[in-house]
Amino acid sequence: MRSAKDFFRPLAVGAPAPVREVPFRPSRMIHFFDPGNEKMAAKVPSIAPTVDVLLGNLEDAVPADRKEAARAGLVKIARTTDFGDTQLWTRINSLDSPWALDDLLTLGTEVGDRLDVVMVPKVEGAQDIHYVDRLLAQLEAKAGLGRPILVHAILETAAGVANVEEIATASPRMQGMSLGPADLAASRRMKTTRVGGGHPGYLVREDPAPGAEGTPRPTYQQDLWHYTIARMVDACAAGGILPYYGPFGDIKDVTGCEDQFRNAFLLGCVGAWSLHPVQIDIAKRVFSPAPEDVAWARRVIGAMGDGTGAVMIDGKMQDDATYKQCRVVVELADALAA
Ligand code: GLV
Ligand code: MG
């Protein structure tokens with residue numbers, strides 16, 4: 001029997017002959033919308049062709065008295081919209097809420113054939129993924145679906161971070177994982193009230209220059225999320241699934257957003273959430289390798305022949321390991337261009 005992984009394989013990073021049983025599906029931006037909001041729902045057909053993933057959000061930001069309307073709105077949109085190559089995902093309510101079961105039952109049976117991925121919030125351990133996995137298997141059987149609905153976990157509780165490796169490998173349905181910085185900050189009792197991004201108080205101060213007594217010392221912001229993203233990337237790479245930066249809530253701060261997305265991209269993430277159309281282009285730019293980086297990577301690969309040994313290019317040493325790094329860049333560029 002084919003497993004869920006056969007339907008969605010991450011890039012075979014650095015392997016000499018990458019095996020991809022299905023084409024890589026770009027997911028540079030996971031664009032959130034509220035399916036119960038008629039104005040937003042009306043824009044879905046025009047936004048769909050501009051994004052890699054459209055996600056109908058049923059969880060946080062949808063008020064308790066509009067949960068049913070959001071769910072019903074998503075069913076209607078899924079049935080009536082031509083998404084083309086764009087994936088349709090949903091974020092269900094958390095598993096300890098009164099709505100999660102109905103979210104899964106309704107969406108699985110009514111529009112399971114249109115749904116690519118279910119994003120599960122506040123995942124604390126493998127048991128949460130096992131629960132969703134079994135339920136989806138039953139719903140797929142009932143609806144006679146020919147392909148599995150995949151699962152994406154949000155890493156946004158202290159317990160989730162502690163159990164990140166077991167979450168990544170909890171089911172062959174696992175497609176990926178996103179950082180959820182807002183809930184994670186609350187769960188950890190961090191003292192930031194922002195949604196992602198940096199904080200002006202989390203800084204390092206440069207040592208004073210000799211003789212510069214009394215002059216203010218320059219400060220540099222540190223990255224609040226470095227540790228979690230690095231852990232998540234390792235867990236995802238080891239488990240063969242994809243890592244993502246989550247939301248960046250300060251819509252007007254396009255520079256801060258681009259910086260956060262770029263740091264995540266460099267660390268190994270393949271995409272981020274977009275909460276506003278302005279963030280779609282930022283994610284597209286950041287999560288597509290730059291043409292000059294791709295050209296350099298192709299040059300190294302060309303010079304390295306079978307990928308073993310060492311060569312000097314422009315004074316820089318290249319060897320088997322840099323060959324593999326370059327393949328990561330080129331494979332991503334080729335997959336996005338396909
Ligand atoms: C996202 O869900 C977050 O909590 O940041
Ligand atoms: Mg959250």
# chains A, B, ... in the order shown; residues from 1 in each chain; ligands from 1
call {"tool": "select_by_dssp", "arguments": {"residues": "range 34-96 of chain A", "states": "strand (DSSP E)", "output": "list of chain:residue names"}}
result
A:Val53, A:Leu54, A:Leu55, A:Gly56, A:Asn57, A:Gln87, A:Leu88, A:Trp89, A:Thr90, A:Arg91
call {"tool": "write_last_selection", "arguments": {"atoms": "N, CA and C atoms", "output": "PDB file, in the first residue's frame"}}
result
ATOM      1  N   VAL A  53      -0.169  28.128  -1.531  1.00  0.00           N
ATOM      2  CA  VAL A  53      -1.114  27.437  -0.644  1.00  0.00           C
ATOM      3  C   VAL A  53      -2.141  28.443  -0.127  1.00  0.00           C
ATOM      4  N   LEU A  54      -3.414  28.073  -0.191  1.00  0.00           N
ATOM      5  CA  LEU A  54      -4.477  28.866   0.436  1.00  0.00           C
ATOM      6  C   LEU A  54      -4.966  28.079   1.638  1.00  0.00           C
ATOM      7  N   LEU A  55      -5.054  28.742   2.786  1.00  0.00           N
ATOM      8  CA  LEU A  55      -5.473  28.023   4.004  1.00  0.00           C
ATOM      9  C   LEU A  55      -6.711  28.669   4.600  1.00  0.00           C
ATOM     10  N   GLY A  56      -7.782  27.895   4.667  1.00  0.00           N
ATOM     11  CA  GLY A  56      -9.000  28.357   5.329  1.00  0.00           C
ATOM     12  C   GLY A  56      -8.833  28.153   6.823  1.00  0.00           C
ATOM     13  N   ASN A  57      -8.779  29.276   7.544  1.00  0.00           N
ATOM     14  CA  ASN A  57      -8.495  29.221   8.987  1.00  0.00           C
ATOM     15  C   ASN A  57      -9.781  29.078   9.790  1.00  0.00           C
ATOM     16  N   GLN A  87      -2.592  24.661  -3.680  1.00  0.00           N
ATOM     17  CA  GLN A  87      -3.078  23.692  -2.686  1.00  0.00           C
ATOM     18  C   GLN A  87      -4.105  24.341  -1.766  1.00  0.00           C
ATOM     19  N   LEU A  88      -5.055  23.542  -1.312  1.00  0.00           N
ATOM     20  CA  LEU A  88      -6.017  24.002  -0.311  1.00  0.00           C
ATOM     21  C   LEU A  88      -5.731  23.296   1.008  1.00  0.00           C
ATOM     22  N   TRP A  89      -5.443  24.102   2.026  1.00  0.00           N
ATOM     23  CA  TRP A  89      -5.212  23.580   3.370  1.00  0.00           C
ATOM     24  C   TRP A  89      -6.272  24.175   4.299  1.00  0.00           C
ATOM     25  N   THR A  90      -6.395  23.568   5.474  1.00  0.00           N
ATOM     26  CA  THR A  90      -7.191  24.213   6.523  1.00  0.00           C
ATOM     27  C   THR A  90      -6.442  24.131   7.836  1.00  0.00           C
ATOM     28  N   ARG A  91      -6.709  25.105   8.727  1.00  0.00           N
ATOM     29  CA  ARG A  91      -6.249  24.979  10.112  1.00  0.00           C
ATOM     30  C   ARG A  91      -7.476  24.711  10.953  1.00  0.00           C
TER      31      ARG A  91
END
call {"tool": "residues_around", "arguments": {"residues": "Phe265 in chain A", "least_positions_apart": "5", "cutoff": "12 Å", "atoms": "only C-alpha atoms", "output": "ChimeraX atom specification"}}
result
/A:28-29,226,229-230,233,242-246,258-260,270-272,282-290,329,332
call {"tool": "residues_near_ligand", "arguments": {"ligand": "ligand 1", "cutoff": "9 Å", "atoms": "only C-alpha atoms and all ligand atoms", "output": "list of chain:residue names"}}
result
A:Glu59, A:Asp60, A:Pro121, A:Lys122, A:Ile154, A:Leu155, A:Glu156, A:Thr157, A:Ser178, A:Leu179, A:Gly180, A:Pro181, A:Ala182, A:Asp183, A:Leu184, A:Ala185, A:Ala186, A:Val195, A:Gly196, A:Gly246, A:Pro247, A:Phe248, A:Gly249
call {"tool": "residues_around", "arguments": {"residues": "Leu150 in chain A", "least_positions_apart": "5", "cutoff": "8 Å", "atoms": "only C-alpha atoms", "output": "list of chain:residue names"}}
result
A:Ala4, A:Asp116, A:Val117, A:Val118, A:Arg173, A:Met174, A:Gln175
call {"tool": "atom_distance", "arguments": {"atom1": "CA of Ala338 in chain A", "atom2": "CA of Phe24 in chain A"}}
result
8.7 Å
call {"tool": "closest_atom_pairs", "arguments": {"of": "range 234-316 of chain A", "to": "range 164-168 of chain A", "cutoff": "8 Å", "atoms": "only C-alpha atoms", "output": "JSON lines"}}
result
{"residue": "A:Ala235", "atom": "CA", "partner": "A:Glu165", "partner_atom": "CA", "distance": 5.0}
{"residue": "A:Cys236", "atom": "CA", "partner": "A:Ala168", "partner_atom": "CA", "distance": 5.9}
{"residue": "A:Gly239", "atom": "CA", "partner": "A:Ala168", "partner_atom": "CA", "distance": 5.7}
{"residue": "A:Ile241", "atom": "CA", "partner": "A:Ala168", "partner_atom": "CA", "distance": 7.0}
call {"tool": "write_last_selection", "arguments": {"atoms": "N, CA and C atoms", "output": "compact mmCIF listing (two decimals), in the first residue's frame"}}
result
# COMPACT_ATOMS: atom_id res chain seq x y z
N ALA A 235 14.56 18.50 13.31
CA ALA A 235 13.56 17.44 13.46
C ALA A 235 12.90 17.14 12.11
N CYS A 236 12.60 18.20 11.36
CA CYS A 236 11.93 18.00 10.06
C CYS A 236 12.87 17.33 9.06
N GLY A 239 13.27 13.77 9.91
CA GLY A 239 12.03 13.00 9.70
C GLY A 239 11.53 13.04 8.26
N ILE A 241 10.32 15.70 6.54
CA ILE A 241 9.17 16.58 6.32
C ILE A 241 9.67 18.03 6.21
call {"tool": "closest_residue", "arguments": {"among": "A:Val204, A:Arg71, A:Asp82, A:Val120", "to": "ligand 2", "atoms": "only C-alpha atoms and all ligand atoms"}}
result
A:Val120
call {"tool": "residues_around", "arguments": {"residues": "Val111 in chain A", "least_positions_apart": "3", "cutoff": "10 Å", "atoms": "only C-alpha atoms", "output": "NGL selection string"}}
result
:A and (74-79 or 106-108 or 114-115 or 143)
call {"tool": "residues_around", "arguments": {"residues": "range 206-208 of chain A", "least_positions_apart": "3", "cutoff": "7 Å", "atoms": "only C-alpha atoms", "output": "PDB file with N, CA and C atoms, in the first residue's frame"}}
result
ATOM      1  N   ALA A 212      36.049  55.591  25.006  1.00  0.00           N
ATOM      2  CA  ALA A 212      34.713  56.103  24.633  1.00  0.00           C
ATOM      3  C   ALA A 212      33.783  56.161  25.835  1.00  0.00           C
ATOM      4  N   ARG A 217      26.560  52.914  23.913  1.00  0.00           N
ATOM      5  CA  ARG A 217      27.131  51.792  23.167  1.00  0.00           C
ATOM      6  C   ARG A 217      26.113  51.248  22.179  1.00  0.00           C
ATOM      7  N   PRO A 218      26.547  50.914  20.955  1.00  0.00           N
ATOM      8  CA  PRO A 218      25.589  50.368  19.976  1.00  0.00           C
ATOM      9  C   PRO A 218      24.986  49.056  20.474  1.00  0.00           C
ATOM     10  N   THR A 219      23.741  48.833  20.096  1.00  0.00           N
ATOM     11  CA  THR A 219      23.079  47.575  20.467  1.00  0.00           C
ATOM     12  C   THR A 219      22.641  46.840  19.203  1.00  0.00           C
TER      13      THR A 219
END
call {"tool": "select_by_dssp", "arguments": {"residues": "range 260-307 of chain A", "states": "alpha helix (DSSP H)", "output": "PyMOL selection string"}}
result
chain A and resi 260-267+277-286+291-303
call {"tool": "write_last_selection", "arguments": {"atoms": "C-alpha atoms", "output": "CSV table (one decimal), in the first residue's frame"}}
result
chain,number,residue,atom,x,y,z
A,260,GLN,CA,12.6,37.0,9.7
A,261,PHE,CA,11.6,35.1,6.6
A,262,ARG,CA,15.1,35.2,5.2
A,263,ASN,CA,16.7,34.0,8.4
A,264,ALA,CA,14.3,31.1,8.4
A,265,PHE,CA,15.0,30.3,4.7
A,266,LEU,CA,18.7,30.3,5.3
A,267,LEU,CA,18.3,28.0,8.3
A,277,PRO,CA,-1.4,40.2,0.5
A,278,VAL,CA,1.7,42.3,1.1
A,279,GLN,CA,3.4,39.3,2.6
A,280,ILE,CA,2.8,37.1,-0.4
A,281,ASP,CA,5.4,38.8,-2.5
A,282,ILE,CA,7.9,38.9,0.4
A,283,ALA,CA,7.6,35.1,0.8
A,284,LYS,CA,7.8,34.5,-2.9
A,285,ARG,CA,11.0,36.5,-3.1
A,286,VAL,CA,12.6,35.1,0.0
A,291,PRO,CA,19.4,33.7,-9.5
A,292,GLU,CA,23.0,34.5,-8.6
A,293,ASP,CA,23.1,31.8,-5.9
A,294,VAL,CA,21.6,29.3,-8.4
A,295,ALA,CA,24.2,30.3,-11.0
A,296,TRP,CA,27.0,29.9,-8.5
A,297,ALA,CA,25.7,26.5,-7.4
A,298,ARG,CA,25.4,25.3,-11.0
A,299,ARG,CA,29.0,26.4,-11.6
A,300,VAL,CA,30.3,24.4,-8.6
A,301,ILE,CA,28.3,21.4,-9.6
A,302,GLY,CA,29.6,21.6,-13.2
A,303,ALA,CA,33.2,21.9,-11.9
call {"tool": "closest_residue", "arguments": {"among": "A:Phe83, A:Ala61, A:Arg147, A:Pro98", "to": "ligand 2", "atoms": "only C-alpha atoms and all ligand atoms"}}
result
A:Ala61
call {"tool": "residues_around", "arguments": {"residues": "Met312 in chain A", "least_positions_apart": "3", "cutoff": "12 Å", "atoms": "only C-alpha atoms", "output": "PyMOL selection string"}}
result
chain A and resi 299-300+303-304+309+315-319+322
call {"tool": "closest_residue", "arguments": {"among": "A:Ala70, A:Leu203, A:Val51, A:Leu58", "to": "ligand 2", "atoms": "only C-alpha atoms and all ligand atoms"}}
result
A:Leu58
call {"tool": "residues_around", "arguments": {"residues": "Lys142 in chain A", "least_positions_apart": "2", "cutoff": "12 Å", "atoms": "only C-alpha atoms", "output": "list in words"}}
result
Leu105, Gly108, Thr109, Glu110, Gly112, Asp113, Leu135, Leu136, Ala137, Gln138, Leu139, Glu140, Gly144, Leu145 and Gly146 of chain A
call {"tool": "write_last_selection", "arguments": {"atoms": "C-alpha atoms", "output": "PDB file, in the first residue's frame"}}
result
ATOM      1  CA  LEU A 105     -15.794  15.100  10.394  1.00  0.00           C
ATOM      2  CA  GLY A 108     -13.163  15.027   5.759  1.00  0.00           C
ATOM      3  CA  THR A 109     -16.491  13.719   4.530  1.00  0.00           C
ATOM      4  CA  GLU A 110     -17.735  16.736   2.558  1.00  0.00           C
ATOM      5  CA  GLY A 112     -11.848  15.626   1.707  1.00  0.00           C
ATOM      6  CA  ASP A 113     -11.186  15.199  -2.020  1.00  0.00           C
ATOM      7  CA  LEU A 135      -9.688   9.779  12.335  1.00  0.00           C
ATOM      8  CA  LEU A 136      -8.614  10.848   8.849  1.00  0.00           C
ATOM      9  CA  ALA A 137      -8.090   7.205   7.858  1.00  0.00           C
ATOM     10  CA  GLN A 138     -11.692   6.429   8.835  1.00  0.00           C
ATOM     11  CA  LEU A 139     -13.057   9.487   7.061  1.00  0.00           C
ATOM     12  CA  GLU A 140     -11.077   8.729   3.907  1.00  0.00           C
ATOM     13  CA  GLY A 144     -13.824   6.572  -0.669  1.00  0.00           C
ATOM     14  CA  LEU A 145     -10.890   8.927  -1.132  1.00  0.00           C
ATOM     15  CA  GLY A 146      -8.066   7.730  -3.359  1.00  0.00           C
TER      16      GLY A 146
END
